[in-house]
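Let me begin by presenting the structure, written as structure tokens, before commenting on it.
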Amino acid sequence: MPELPEVETICRSLRPHLLGRTIRRVRVLEPRLRVPVDIKELRSLAGSRVDAITRVAKYILFNLTGDRVWLFHLGMSGKLLCVAANTPRRKHDHIVVELDSGAELRYHDPRRFGLSLVAQKSGLHELPQLRHVGLDPFDPALTGDYLFRFMRASARRTRDLLLDQRIVAGLGNIYANEILALTAIKPTTRAHRLTRKQAHAIARAIPALLGDAIRWCGTSFSDYRDADDKSGEFQNHLRVYDRDGERCRVCPGVIKRVAVGNRSVFYCPTCQK
DNA sequence: CGGTGGACCTGCTGGC
DNA sequence: TGCCAGCAGGTCCACC
């Protein structure tokens, strides 16, 4: 579900509820996530205080007192919701965190593709999940030259290269398609066919587009919500994603959808070559 | 080695 | 109305 703008929005909405709060109790109702949850380890977080909430790629990190970090990845359908303790539990609420404020944080995830684990702060970047993460989209080191080095060495379709978290960490299918619409590149063009100039255009488009998406609090189709259960608005500003059959926003063309791999690409056949 | 396709899950939608 | 196929924002792994 969530790509970087949604994860960033969720982090921002969590902070007012969690910063400075102490965890009273952690209850694991369903440990079978993508990686089985270590129930004992989560329970042992009782008594810890949340000192900071940060984001690495699409991972959400709670920095706790002591040397520990509580890490979440939301997969396709995960949500972190802050609710009053008397809010009825729902199906697929897998982890419940009781806070000293009286409120609760709940991890909800119908498809259970998400991840929740505890790490030592010092060993964070040795985690298998974080060891190979590429540049953050807002890192100034993300330049056209940086991208071009990967592109010229790869015969993959450009959309797939943008989804590779080892190169740029944070894009998913929506924003990969949108970036290619913004730069007038067809998503199925093989990466090594692109020019250095196009690589520079993509490098500029990535932070620009994601910045916009964050300002609109992310993209909500059906189920993405922030910690206050609020929807994003960026779905109203998408150029191509989920708009097949509709008019291109810049030319008279009609947006096309094609299954590539197991996921759809969307593009304007007139604008994107 | 790089690239592709399937697996992991549940829920929703659209076509018949 | 009901059923079933297909699809969904992510990641990982087996296979060629």
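By order in the structure tokens, chains are A, B, ...; within a chain, residues start at 1; ligands start at 1, following the order shown.
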Select all residues from chain A having any atom no more than 9 Å from an atom of chain C (counting only C-alpha atoms (C1' of nucleotides), ignoring ligands), output as a list in words. Met1, Pro2, Glu3, Leu74, Gly75, Met76, Ser77, Phe113, Gly114, Gly172, Asn173, Ile174, Thr219, Ser220, Phe221 and Tyr224 of chain A
Check: which chain A residues lie within 7 Å of chain B using only C-alpha atoms (C1' of nucleotides), as a list in words: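 Here they are: Pro110, Arg111, Arg112, Arg156 and Gly261 of chain A.
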Let me see the file: selected residues, N, CA and C atoms, as an mmCIF file, in the first residue's frame.
data_model
loop_
_atom_site.group_PDB
_atom_site.id
_atom_site.type_symbol
_atom_site.label_atom_id
_atom_site.label_comp_id
_atom_site.auth_asym_id
_atom_site.auth_seq_id
_atom_site.Cartn_x
_atom_site.Cartn_y
_atom_site.Cartn_z
ATOM 1 N N PRO A 110 -4.717 -6.393 6.945
ATOM 2 C CA PRO A 110 -5.462 -7.545 6.432
ATOM 3 C C PRO A 110 -4.585 -8.567 5.693
ATOM 4 N N ARG A 111 -3.680 -8.084 4.873
ATOM 5 C CA ARG A 111 -2.932 -9.045 4.052
ATOM 6 C C ARG A 111 -1.706 -9.609 4.759
ATOM 7 N N ARG A 112 -1.320 -8.998 5.852
ATOM 8 C CA ARG A 112 -0.182 -9.472 6.661
ATOM 9 C C ARG A 112 1.120 -9.551 5.874
ATOM 10 N N ARG A 156 16.698 -3.737 -17.767
ATOM 11 C CA ARG A 156 15.332 -3.816 -17.242
ATOM 12 C C ARG A 156 14.502 -2.661 -17.763
ATOM 13 N N GLY A 261 5.029 -7.594 -15.990
ATOM 14 C CA GLY A 261 5.323 -8.394 -14.820
ATOM 15 C C GLY A 261 3.988 -8.678 -14.168
#
I'd like the contact shell of Asp145 (chain A) - 12 Å cut-off, only C-alpha atoms (C1' of nucleotides), skipping same-chain residues fewer than 3 positions apart - returned as a ChimeraX atom specification. /A:140-142,148-152,195-204
Restricting it to N, CA and C atoms, dump the selection as a compact mmCIF listing (two decimals), in the first residue's frame.
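Writing the result to result-v4.txt gives the following:
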# COMPACT_ATOMS: atom_id res chain seq x y z
N PRO A 140 20.62 14.64 -1.50
CA PRO A 140 21.25 15.40 -2.60
C PRO A 140 22.18 14.55 -3.45
N ALA A 141 22.59 13.39 -2.92
CA ALA A 141 23.45 12.50 -3.71
C ALA A 141 22.67 11.82 -4.84
N LEU A 142 21.35 11.95 -4.81
CA LEU A 142 20.54 11.38 -5.90
C LEU A 142 20.59 12.34 -7.09
N PHE A 148 22.21 7.43 -13.82
CA PHE A 148 22.66 7.01 -15.14
C PHE A 148 23.62 5.83 -15.06
N ARG A 149 24.41 5.78 -14.00
CA ARG A 149 25.33 4.65 -13.81
C ARG A 149 24.57 3.33 -13.73
N PHE A 150 23.43 3.34 -12.99
CA PHE A 150 22.63 2.12 -12.89
C PHE A 150 21.88 1.84 -14.20
N MET A 151 21.41 2.91 -14.82
CA MET A 151 20.59 2.72 -16.01
C MET A 151 21.38 2.11 -17.16
N ARG A 152 22.55 2.63 -17.40
CA ARG A 152 23.31 2.17 -18.57
C ARG A 152 23.73 0.72 -18.40
N THR A 195 18.91 8.36 -22.11
CA THR A 195 20.05 9.25 -22.21
C THR A 195 20.41 9.81 -20.84
N ARG A 196 21.60 10.36 -20.76
CA ARG A 196 22.02 11.02 -19.52
C ARG A 196 21.07 12.16 -19.17
N LYS A 197 20.60 12.83 -20.19
CA LYS A 197 19.67 13.93 -19.98
C LYS A 197 18.37 13.44 -19.34
N GLN A 198 17.90 12.29 -19.83
CA GLN A 198 16.69 11.73 -19.23
C GLN A 198 16.94 11.29 -17.79
N ALA A 199 18.12 10.78 -17.52
CA ALA A 199 18.47 10.39 -16.15
C ALA A 199 18.42 11.61 -15.24
N HIS A 200 18.92 12.74 -15.74
CA HIS A 200 18.88 13.97 -14.95
C HIS A 200 17.44 14.43 -14.72
N ALA A 201 16.62 14.28 -15.74
CA ALA A 201 15.21 14.68 -15.60
C ALA A 201 14.53 13.82 -14.53
N ILE A 202 14.81 12.53 -14.54
CA ILE A 202 14.22 11.64 -13.54
C ILE A 202 14.72 12.01 -12.15
N ALA A 203 16.02 12.28 -12.05
CA ALA A 203 16.59 12.63 -10.73
C ALA A 203 15.94 13.89 -10.17
N ARG A 204 15.60 14.84 -11.04
CA ARG A 204 14.92 16.05 -10.57
C ARG A 204 13.47 15.77 -10.23
Identify, with DSSP run on backbone atoms, the residues in region 147-189 of chain A assigned to alpha helix (DSSP H), and express the list as a count of residues only. 22
I'd like to know which residues of region 15-254 of chain A are strand (DSSP E or B) (by DSSP, run on the backbone); could you write them as a compact mmCIF listing (two decimals) with C-alpha atoms, in the first residue's frame?
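As written to disk, result_34.txt reads:
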# COMPACT_ATOMS: atom_id res chain seq x y z
CA THR A 22 5.68 5.56 27.61
CA ILE A 23 4.53 2.15 26.45
CA ARG A 24 2.46 0.50 29.17
CA ARG A 25 1.86 -2.82 27.47
CA VAL A 26 2.20 -4.47 24.07
CA ARG A 27 -0.23 -7.20 23.05
CA VAL A 28 0.31 -9.36 19.98
CA ARG A 49 9.49 5.75 26.11
CA VAL A 50 9.22 6.88 22.48
CA ASP A 51 11.93 9.51 21.98
CA ALA A 52 11.79 9.96 18.21
CA ILE A 53 9.98 8.66 15.13
CA THR A 54 11.98 8.50 11.94
CA ARG A 55 11.69 6.99 8.49
CA VAL A 56 14.22 5.00 6.50
CA TYR A 59 10.32 1.70 7.16
CA ILE A 60 8.96 3.49 10.24
CA LEU A 61 11.30 3.55 13.23
CA PHE A 62 10.38 4.28 16.83
CA ASN A 63 13.50 5.27 18.74
CA LEU A 64 13.00 4.07 22.30
CA ARG A 68 16.36 -0.06 21.06
CA VAL A 69 14.46 0.75 17.87
CA TRP A 70 11.02 -0.61 17.03
CA LEU A 71 10.69 -0.97 13.29
CA PHE A 72 7.56 -1.33 11.15
CA HIS A 73 7.04 -1.93 7.47
CA LYS A 79 -1.92 0.78 9.02
CA LEU A 80 -0.78 2.31 12.28
CA LEU A 81 -3.76 3.94 13.96
CA CYS A 82 -3.94 5.94 17.18
CA VAL A 83 -7.30 5.46 18.87
CA ALA A 84 -8.99 5.81 22.23
CA ASP A 93 -5.77 -5.59 14.43
CA HIS A 94 -2.60 -7.62 15.03
CA ILE A 95 -0.62 -5.56 17.54
CA VAL A 96 -2.07 -3.32 20.26
CA VAL A 97 0.16 -0.86 22.11
CA GLU A 98 -1.23 0.65 25.31
CA LEU A 99 0.22 4.08 26.06
CA ALA A 103 -4.74 5.95 24.06
CA GLU A 104 -3.72 2.96 22.00
CA LEU A 105 -1.65 2.46 18.89
CA ARG A 106 -2.89 -0.41 16.74
CA TYR A 107 -1.17 -2.18 13.90
CA HIS A 108 -3.84 -3.33 11.44
CA LEU A 115 6.79 -6.44 9.32
CA SER A 116 7.44 -5.48 12.93
CA LEU A 117 10.68 -6.11 14.74
CA VAL A 118 12.98 -4.70 17.42
CA ALA A 119 16.65 -3.93 16.84
CA GLN A 120 19.55 -2.36 18.67
CA LEU A 135 19.44 6.58 -1.55
CA ARG A 157 12.31 -1.74 -17.98
CA VAL A 168 16.37 4.66 -4.78
CA ARG A 190 14.69 -0.43 -21.27
CA ARG A 247 -7.82 11.80 -20.86
CA VAL A 254 -6.05 8.51 -23.58
